[in-house]
Structures are given as C-alpha cells and as structure tokens.
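Undergrad: Just passing along the structure, written as structure tokens.
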There are 2 protein chains.
Amino acid sequence: MAAVWYELKHICKQTGARYGILHTPHGDFETPIFMPVGTKANVKTLIPKEIEEVSDGLILANTYHLWLQPGDEIIRSFGGIRGFMQWDHALLTDSGGFQVFSLSEIRKITEEGVEFRHHKSGEKLFLSPEKSIQIQNNLQADIIMSFDECPPFHATKEYLKESVERTIRWAKRGKEAHQYPDKQALFGIVQGGGDKNLRKHCLEELQKIDFDGYSIGGLSVGESKEEMYEMLEYLSTIMPKDKPRYLMGVGSPDDLIVGSMNGIDMFDCVLPSRNARHGTAFTSLGKLQVKKATLKEDKTPLDQNCDCFVCKTYTKGYLNHLVKSEEILGMRLLTYHNLYFLKNLMKEIRKAICEDRLADFKEEFFEKFGYNDKKAPDGATLE
Amino acid sequence: MAAVWYELKHICKQTGARYGILHTPHGDFETPIFMPVGTKANVKTLIPKEIEEVSDGLILANTYHLWLQPGDEIIRSFGGIRGFMQWDHALLTDSGGFQVFSLSEIRKITEEGVEFRHHKSGEKLFLSPEKSIQIQNNLQADIIMSFDECPPFHATKEYLKESVERTIRWAKRGKEAHQYPDKQALFGIVQGGGDKNLRKHCLEELQKIDFDGYSIGGLSVGESKEEMYEMLEYLSTIMPKDKPRYLMGVGSPDDLIVGSMNGIDMFDCVLPSRNARHGTAFTSLGKLQVKKATLKEDKTPLDQNCDCFVCKTYTKGYLNHLVKSEEILGMRLLTYHNLYFLKNLMKEIRKAICEDRLADFKEEFFEKFGYNDKKAPDGATLE
C-alpha cells in the first residue's frame, strides 16, 4: 500500500468538483483541503494547539528554508519536522525548487541541478533532484515533492519545452532516489507554463514514472486569473481520477472555490499570514482593512458570522488598536482568524460538493464577499 | 474603605522583608509581587489566558501610550483597559510622567505641567497632574499613580529640590482631581534622585496628603546597583508600614530579591519581554543566549527546573532555530517563559520571607544564577 492514497467519494453534479478522503500515515483528511504554510517549522506566531484549531491537521513546510536553517540532518535528529516543532499531525514538504527560482537571483541550471547563491548570505549552493529528495527524506513529511523547475507562465515555447523535459528527467531521478516510499508519498509536479500541449505531455510522462499524487506548479505566478482558470479547466479533463491533485501556492478565497470546481483536492498559500501581517482580515462580507479609522470605536467582532476564538473574544476596536500600534499580538490574532476563515470556507466547499451545488455556492460567496463588485475585483468591498 | 489596602502578614526575621496581601477590587494578591507590563493594553505577544498563567493576576499598562493611541475616552467606552483587552483581573497604570521625560526630547516644564512633542509625530502635547488623573480615571485601573517629574539620579541638589517640591504640589493637585477614590487607589511617587534628605522630605509631604500607597520612582535610571540598593535600604527605614510600597520599573532577578529584602511589595519591569525580543531567557542557572550555536542540536528544555508550557513542550534546539530565524513564535515563547520564571521567583521569595530565610535564599539564588561570578556580574554565566 502506498504511504498516501486518495479515495474519491463524490463528484459534484453541478461542477465536477471532487469530494474525497486523503489517507496519510498521520490522519485521513476530507478534501478539498487547505494546508496552512509553516515555512520554517512553525505556522507564523502560532503554537501546535492553535494550528490544530485553524487547520484540518495537514500543514506544509518549506524544504529550502529548513535545509539552510537549521539543516535537514539536525531536523532528522529531532524526529523530523513533526518532532522538531511538536506537530502530531500530517505534513507536506515542497521540493525547494520554487524558492531556488523565486528567491535567488543568481543561478545556473544544468542537467545535474541548480547552482545558486543563498538569498541572504550569498553562499554558493547546489540543489539537485537527488539532494532535494534526500533533504525531504530527512525532514520526514508524509507527502514530499519532486524537484522541478518553475518557469514563467509566459516563457517562450522553446524554453518551456526544454524546461519541461528536464523537469520530467528530474522527476524520474527523484523517484529513484526516494528512500522511504512506504512512509512518504512522492508527488510529481506538472509544469509547462501556459502551454496546454506541454502540460499534457508533462502529465503523461509523469504518469509513466507513476507518482502517488500530482501537483500543479507554475500557476499563480503572474498570469491573469482568466489564464489560470482556463489552464485549471483544461487540466481537470486530463488529470488521473484515482490520485490526489494539489494546486501549489494557491489560496485566495475565489481561487479555492474555482480550483475546487476544477477538481483540485489540495491547496496551500501564505496569504492568510501575509494578509494578517498587513492588517487585513478575511470576513464573510469581504476583506477588511483592520486599521481603518472608522473601526476604532467599533464594539462588534471582526466577523459576526465567525465562531473563532478571536471573533468570540475581541472587538474590531481593540484589533484596530493593536494593528495601528504595530503590536505583534494583532498579527497573531489576525493570522489565527484568517486561517480559521479558510478552514471554514473549505468545509463549506466540501458540503456544497456533496450537495451538488458548488456553482450556486460560488455565486452566493462571490456576491457576499464582493467579488462580483467590478469596482473591487479582489473582494475588497470593506476596505 | 479604600479601593486598595495592604495587610502585613509576616516580616522576615533574617532581612526585614515583608510578606503581605494586597487587597484590590479585582482580587487579593500575595506580596511581594511582580507585575508584567502591558504597555499598549496587551502584554506583548500574549492573550489574557496566557497572561493569567505567567502572572499572579495583576498587570500594568502605560497611561502615556494609551492616551495617545487609541485615546482614553475610547478606552473608557470599551469599559476601561480591562474591557478593551479582555483582562478580567487587576490592573495598575502609571502616570505618564516617566514617558514624557524619557521618550520626548523636546519638553518644557512649568508649574502647570509639561509641554512636549509626540515621540513619533512631533505633535505638540500637554500633560498636567489633573490631565494624567483624568486619563487614568478613564482607563479605570485598580491602582493609579500621581503625575511626577522623574529627574536624573545625579541631578544637582538645586534642581532636585525644585523638582521634588513641584512633584509634591503636583501630587496634591492630582489627589484633588481624582474622581473615583472608592474604585481606584491613588499612589504618591517618592522622588529625590540620590539625595536621601530630599527623598525623606518628599515622602513626609506625600504622607501629609495621604495616599493609598507609595511608589519609589527615579531608581534604575542609570545609577549603579550600589547606589540604588543604598537608597532602597534607607527608604525601607522610613516608608510607612501600613501601606503598599511599589518600586517602579525594576525587575531583574537580583533587584527583585534585594528590593524584597528592603521591604518592597510591588515591582514591574519590561525586562522579561525585552530579553525575549533579544533572544535571552532566564533560567535557574542564569541567563541564556538562546541563539548561541552550541544549542542547535540540544534536545533538552530551556530550563530543566521549569514546569512552564514552553519548557514542557519544546527543546533548546527548536527555540534556537526560531530565534536564529527571527520567527515571532520564538519571541512569544521566550516572553511566556521569562514571565513565568519571574512569577516563580516571586513565589520563592515569598516562601523564603515566611520561612525567615530570605538572605539565605539570596545567596543560593545568586550562586546558582551566576551573580557571584565576577566575570559575569549580570548572571550571564550561560552566554
């Protein structure tokens, strides 16, 4: 039996969205699922008990950052990331590829791997498919990723072709290097930029190698929402039905709904934490700039429809004060609320799938959240 | 009955230190007590439930900061600081005087009050004894402070004399302005720099006005420990025995012990939070620089003798990683532990007083913590 497997339970008659169960060594999870990001072996500002409250029990950590600090061998000696950060539930790591391409400006790609400079110290470093898998073996997540190149969505056809062929060869090498296939599921990553034929080719070749799941990389990297949604719609028709599908780095409320409509099972994104850092809260009526002056005497909770600890305890006025005062507690409370909001959104999405009404749910949510307001296309009606 | 009153229960035969009970409208507290600082209506990074765990239930907030943001009238409309931050226990506010003198570089002192510039915006502001009390009436703490001038310890005799006389006149005006003496206890602040005669004069004049308690200001402002301890020893012989004695802004472990030996009942200090921000932890064996390289593979808790949540959950290695990575969670966990350490230290001090062995306890603590190590006079043996 594979370390992780997917059980399809229901397909939404209105949209084709999938409701299923992701079985992992550290728990079974209803999908579609949103995974909070715990980049450096902690979900920013939160302790494990709180992460339990605002997630479904499956989180992500970043291979690149943990390889550089404190190092994967050290984390292995603590019992992997789970032992290191005292997280008793399930975990996924990425391959480090995305960070190599997004954080490091100086890099050289060869068949062997990528040579690059540390994003802060400038130290010369090298990452290859084998090295990435070795690090992830040490980090001991339940689900790990193939090392890939993440090319720009609008790269030339020639570049995309060359890049995708290399990503396929790297995926094969990674699978061969994987030491614990019975404990850690390995996902292949579908690349190909905006080129549907290349995406299809990449997926077919990855399926020949045979992975435990398939991730979609290289989306939400600067292309328009229309371009991303068109590609998701296309991919939904060709992705294998018996394996989990993970859309990497995507997690705004609209993308979670549209992604689910296109058969995506897993999502992750730093948006809830990043929004919190910038004083922005998700609410059932749209995004809210918590520090805006009109809230300073507001005695109501952040979101009347939310039953999270923050909404049950604090007023908008107090949160406004914390954010204006740049108090860390403000960031902590908004991070908690924003993650809880997405956890709840995913629950509603799963319910709508099971009731064959995800398209209706989308319309209702978009209308309430403000996505249908042309003046505020990002749902920012409350700003 | 006064809003707050002090009940002396025992005097340490070895030192003269006092064990007593401070009765307040929101709880009775064993003294000597350490009060965590919640400057801007929050103890940095922590929620009320955690503040309960790491304090005895009495905390401090700063009048200056809350007057400027969000404003005392707004806080009043939320039910005072306690309602604003959802703190169900006891609270003390300072007068704002110290911040006016320490944060604002441009200021003009007149008989009426102090004109100064906002420490960030440069806006022109004015604080007087009446205004300070009015703000503190709105903030609704159980214990409030007279508006005073905090002169340098080594100011000239002429300046100190003029300043102390004004502080006495301001104290009288503040008492007259106080609207809720039955709900909020008002403390007078003994100033006088390093001049014992002036300190005595100030105390005598304040006693004539008659306050619910007496604070000692203008210590730990740059003078040597010897100078501070000598003044505390002197003051211990003249302070009234039936009223609580509060040593303002003092809270390193050695000062808490020596302060208690000199009859102090109440302390506050930002040190636990500031140390946490700088990656320094209090431990039973001295101060620890959590980010030092030798800890990165350390699988033991921060302090083997501590039973706080952080020590029961995390390893030094993980905390080392958080601090090195500048993760906010690291600051949060160290703040929690450092406050818990001081809470526990005060418990041990009170026990030693009741057992008439505070001098012995001091020797044992100083030896273990490293204060007796001449090479590390601040107890920094583990750095």
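Letters A, B, ... go to the chains of the structure tokens in the order shown; residues in each chain start at 1; ligands are counted from 1 in the same order.
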For the contact check between range 207-303 of chain A and range 62-83 of chain A, emit one row per residue of range 207-303 of chain A within 12 Å, containing the shortest atom pair and the distance in Å rounded to one decimal, counting only C-alpha atoms, chain then rising number order, as a Markdown table.
TA:
| residue | atom | partner | partner_atom | distance |
| --- | --- | --- | --- | --- |
| A:Gly249 | CA | A:Asn62 | CA | 11.5 |
| A:Asp268 | CA | A:Asn62 | CA | 11.5 |
| A:Cys269 | CA | A:Asn62 | CA | 11.8 |
| A:Val270 | CA | A:Asn62 | CA | 11.4 |
Undergrad: Just to be explicit: take each residue in the selection above, keep N, CA, C and O atoms, and write the result as a compact mmCIF listing (two decimals), in the first residue's frame.
TA:
# COMPACT_ATOMS: atom_id res chain seq x y z
N GLY A 249 0.63 26.62 -3.98
CA GLY A 249 0.80 28.05 -3.74
C GLY A 249 -0.43 28.89 -4.04
O GLY A 249 -0.32 30.11 -4.19
N ASP A 268 -2.37 25.18 -0.87
CA ASP A 268 -1.62 25.85 0.20
C ASP A 268 -1.36 27.28 -0.23
O ASP A 268 -1.31 27.56 -1.44
N CYS A 269 -1.17 28.17 0.72
CA CYS A 269 -0.87 29.56 0.38
C CYS A 269 -0.45 30.32 1.63
O CYS A 269 -0.94 30.05 2.72
N VAL A 270 0.46 31.29 1.46
CA VAL A 270 0.89 32.12 2.60
C VAL A 270 -0.06 33.30 2.82
O VAL A 270 0.12 34.06 3.77
Undergrad: Enumerate as a compact mmCIF listing (two decimals) with N, CA, C and O atoms, in the first residue's frame all residues of range 57-285 of chain B assigned to strand (DSSP E or B) by DSSP on the backbone, naming them with the chain letters and numbers the document uses.
TA:
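Full text of selection_19.txt as output:
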# COMPACT_ATOMS: atom_id res chain seq x y z
N LEU B 58 -2.14 40.53 38.35
CA LEU B 58 -2.06 41.99 38.45
C LEU B 58 -1.02 42.45 37.43
O LEU B 58 0.14 42.04 37.50
N ILE B 59 -1.46 43.24 36.46
CA ILE B 59 -0.53 43.72 35.43
C ILE B 59 -0.57 45.24 35.34
O ILE B 59 -1.44 45.89 35.93
N LEU B 60 0.36 45.79 34.59
CA LEU B 60 0.49 47.24 34.45
C LEU B 60 0.24 47.65 33.00
O LEU B 60 0.57 46.91 32.08
N ALA B 61 -0.35 48.81 32.81
CA ALA B 61 -0.44 49.38 31.46
C ALA B 61 0.03 50.82 31.52
O ALA B 61 0.05 51.44 32.58
N ALA B 90 -6.74 42.20 37.91
CA ALA B 90 -6.40 43.53 38.42
C ALA B 90 -5.38 44.25 37.53
O ALA B 90 -4.64 43.63 36.75
N LEU B 91 -5.36 45.56 37.69
CA LEU B 91 -4.60 46.40 36.77
C LEU B 91 -4.09 47.64 37.48
O LEU B 91 -4.75 48.17 38.38
N LEU B 92 -2.91 48.09 37.05
CA LEU B 92 -2.31 49.32 37.57
C LEU B 92 -1.90 50.17 36.37
O LEU B 92 -1.45 49.62 35.36
N THR B 93 -2.07 51.48 36.46
CA THR B 93 -1.50 52.35 35.42
C THR B 93 -0.49 53.30 36.03
O THR B 93 -0.63 53.71 37.19
N ARG B 107 10.81 69.27 25.54
CA ARG B 107 9.75 69.45 26.52
C ARG B 107 10.02 70.72 27.33
O ARG B 107 11.15 71.18 27.45
N LYS B 108 8.94 71.23 27.89
CA LYS B 108 9.07 72.45 28.69
C LYS B 108 8.24 72.24 29.95
O LYS B 108 7.03 72.01 29.90
N ILE B 109 8.92 72.27 31.11
CA ILE B 109 8.23 72.04 32.38
C ILE B 109 7.83 73.38 32.98
O ILE B 109 8.67 74.27 33.14
N VAL B 114 3.61 69.78 31.80
CA VAL B 114 4.71 69.62 30.85
C VAL B 114 4.18 69.72 29.43
O VAL B 114 3.23 69.03 29.05
N GLU B 115 4.83 70.59 28.66
CA GLU B 115 4.53 70.68 27.24
C GLU B 115 5.61 69.90 26.52
O GLU B 115 6.79 70.05 26.83
N PHE B 116 5.21 69.05 25.59
CA PHE B 116 6.22 68.22 24.91
C PHE B 116 5.71 67.82 23.53
O PHE B 116 4.57 68.11 23.17
N ARG B 117 6.60 67.17 22.80
CA ARG B 117 6.25 66.75 21.45
C ARG B 117 6.04 65.24 21.43
O ARG B 117 6.76 64.49 22.09
N LYS B 124 2.41 68.68 19.16
CA LYS B 124 2.58 69.35 20.45
C LYS B 124 1.53 68.84 21.44
O LYS B 124 0.33 68.79 21.13
N LEU B 125 1.96 68.44 22.63
CA LEU B 125 1.05 67.85 23.62
C LEU B 125 1.31 68.47 24.99
O LEU B 125 2.36 69.05 25.23
N PHE B 126 0.32 68.31 25.88
CA PHE B 126 0.46 68.88 27.21
C PHE B 126 -0.11 67.92 28.24
O PHE B 126 -1.21 67.40 28.08
N LEU B 127 0.67 67.65 29.27
CA LEU B 127 0.20 66.77 30.34
C LEU B 127 0.39 67.47 31.68
O LEU B 127 1.42 68.09 31.94
N ILE B 143 -5.34 50.56 40.44
CA ILE B 143 -4.33 51.37 41.11
C ILE B 143 -3.79 52.38 40.11
O ILE B 143 -3.41 51.99 39.00
N ILE B 144 -3.76 53.64 40.47
CA ILE B 144 -3.26 54.67 39.57
C ILE B 144 -2.17 55.48 40.27
O ILE B 144 -2.01 55.40 41.49
N MET B 145 -1.41 56.25 39.49
CA MET B 145 -0.23 56.95 40.01
C MET B 145 -0.36 58.46 39.89
O MET B 145 -0.94 58.98 38.93
N ALA B 185 -7.38 53.12 43.63
CA ALA B 185 -6.43 53.60 44.63
C ALA B 185 -5.41 54.51 43.97
O ALA B 185 -4.96 54.24 42.85
N LEU B 186 -5.05 55.60 44.65
CA LEU B 186 -4.06 56.53 44.11
C LEU B 186 -2.79 56.45 44.95
O LEU B 186 -2.84 56.59 46.18
N PHE B 187 -1.65 56.20 44.27
CA PHE B 187 -0.35 56.14 44.94
C PHE B 187 0.41 57.45 44.71
O PHE B 187 0.35 58.01 43.62
N GLY B 188 1.14 57.90 45.74
CA GLY B 188 2.07 59.00 45.57
C GLY B 188 3.44 58.45 45.18
O GLY B 188 3.77 57.32 45.53
N ILE B 189 4.23 59.25 44.46
CA ILE B 189 5.54 58.77 44.00
C ILE B 189 6.66 59.54 44.68
O ILE B 189 6.75 60.77 44.56
N VAL B 190 7.52 58.80 45.39
CA VAL B 190 8.65 59.40 46.09
C VAL B 190 9.79 59.63 45.10
O VAL B 190 10.32 58.68 44.51
N GLY B 213 -0.98 54.26 48.72
CA GLY B 213 0.27 53.51 48.65
C GLY B 213 1.36 54.46 48.22
O GLY B 213 1.08 55.59 47.79
N TYR B 214 2.61 54.02 48.34
CA TYR B 214 3.73 54.88 47.99
C TYR B 214 4.66 54.17 47.03
O TYR B 214 5.12 53.05 47.28
N SER B 215 4.92 54.84 45.89
CA SER B 215 5.81 54.30 44.88
C SER B 215 7.16 54.97 44.99
O SER B 215 7.26 56.12 45.42
N ILE B 216 8.18 54.24 44.61
CA ILE B 216 9.52 54.80 44.56
C ILE B 216 9.88 54.96 43.09
O ILE B 216 9.96 53.98 42.34
N ARG B 245 4.16 49.33 49.10
CA ARG B 245 5.35 50.03 48.58
C ARG B 245 5.70 49.46 47.21
O ARG B 245 5.95 48.27 47.08
N TYR B 246 5.77 50.33 46.24
CA TYR B 246 5.93 49.90 44.84
C TYR B 246 7.21 50.52 44.27
O TYR B 246 7.33 51.73 44.18
N LEU B 247 8.15 49.64 43.87
CA LEU B 247 9.40 50.10 43.25
C LEU B 247 9.22 50.07 41.74
O LEU B 247 9.19 49.01 41.12
N MET B 266 5.82 45.63 45.60
CA MET B 266 5.36 45.55 44.21
C MET B 266 6.49 45.98 43.26
O MET B 266 7.22 46.93 43.55
N PHE B 267 6.58 45.27 42.13
CA PHE B 267 7.60 45.55 41.12
C PHE B 267 6.95 45.47 39.73
O PHE B 267 5.99 44.74 39.54
N ASP B 268 7.53 46.18 38.77
CA ASP B 268 7.19 45.96 37.37
C ASP B 268 8.43 46.21 36.54
O ASP B 268 9.31 46.98 36.96
N CYS B 269 8.50 45.59 35.37
CA CYS B 269 9.66 45.81 34.51
C CYS B 269 9.38 45.22 33.13
O CYS B 269 8.70 44.20 33.02
N THR B 280 17.03 36.26 24.78
CA THR B 280 17.64 35.89 26.05
C THR B 280 16.57 35.31 26.99
O THR B 280 15.50 35.89 27.15
N ALA B 281 16.90 34.16 27.59
CA ALA B 281 15.97 33.52 28.51
C ALA B 281 16.55 33.51 29.91
O ALA B 281 17.75 33.31 30.10
N PHE B 282 15.68 33.72 30.91
CA PHE B 282 16.07 33.47 32.29
C PHE B 282 16.01 31.96 32.52
O PHE B 282 15.04 31.32 32.10
N THR B 283 17.02 31.40 33.18
CA THR B 283 16.93 30.01 33.60
C THR B 283 17.44 29.93 35.03
O THR B 283 18.08 30.86 35.53
Undergrad: Taking only residues of chain A that have an atom at most 7 Å from an atom of chain B, what is each one's shortest atom pair and its distance in Å to one decimal, using only C-alpha atoms, in chain and number order, as JSON lines?
TA:
{"residue": "A:Lys44", "atom": "CA", "partner": "B:Leu329", "partner_atom": "CA", "distance": 6.5}
{"residue": "A:Thr45", "atom": "CA", "partner": "B:Leu329", "partner_atom": "CA", "distance": 4.5}
{"residue": "A:Leu46", "atom": "CA", "partner": "B:Leu329", "partner_atom": "CA", "distance": 6.5}
{"residue": "A:Pro70", "atom": "CA", "partner": "B:His321", "partner_atom": "CA", "distance": 6.1}
{"residue": "A:Ile74", "atom": "CA", "partner": "B:Glu297", "partner_atom": "CA", "distance": 6.4}
{"residue": "A:Phe84", "atom": "CA", "partner": "B:Tyr318", "partner_atom": "CA", "distance": 6.1}
{"residue": "A:Met85", "atom": "CA", "partner": "B:Tyr318", "partner_atom": "CA", "distance": 6.8}
{"residue": "A:Glu297", "atom": "CA", "partner": "B:Ile74", "partner_atom": "CA", "distance": 6.4}
{"residue": "A:Tyr318", "atom": "CA", "partner": "B:Phe84", "partner_atom": "CA", "distance": 6.2}
{"residue": "A:His321", "atom": "CA", "partner": "B:Pro70", "partner_atom": "CA", "distance": 6.1}
{"residue": "A:Ile328", "atom": "CA", "partner": "B:Thr45", "partner_atom": "CA", "distance": 5.5}
{"residue": "A:Leu329", "atom": "CA", "partner": "B:Thr45", "partner_atom": "CA", "distance": 4.5}
Undergrad: Which residue gives the smallest distance to Glu363 in chain A among A:Asp254, A:Lys291, A:Phe341, A:Ser102, with only C-alpha atoms counted?
TA: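 The answer is A:Asp254, which sits nearest to Glu363 in chain A.
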Undergrad: Record the distance separating CA of Ala276 in chain B and CA of Lys316 in chain B, expressed in Å with one decimal.
TA: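 Separation between CA of Ala276 in chain B and CA of Lys316 in chain B: 14.0 Å.
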Undergrad: Name the residues in contact with Glu130 in chain B at a cut-off of 8 Å, using only C-alpha atoms, excluding same-chain residues fewer than 4 positions from it; report them as number ranges by chain.
TA: B: 134, 173-174, 177-178
Undergrad: Using only C-alpha atoms, can you tell me which of B:Glu230, B:Asp210, B:Asp265, B:Glu204 comes closest to Arg350 in chain B?
TA: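 Result for the nearest residue to Arg350 in chain B: B:Asp265.
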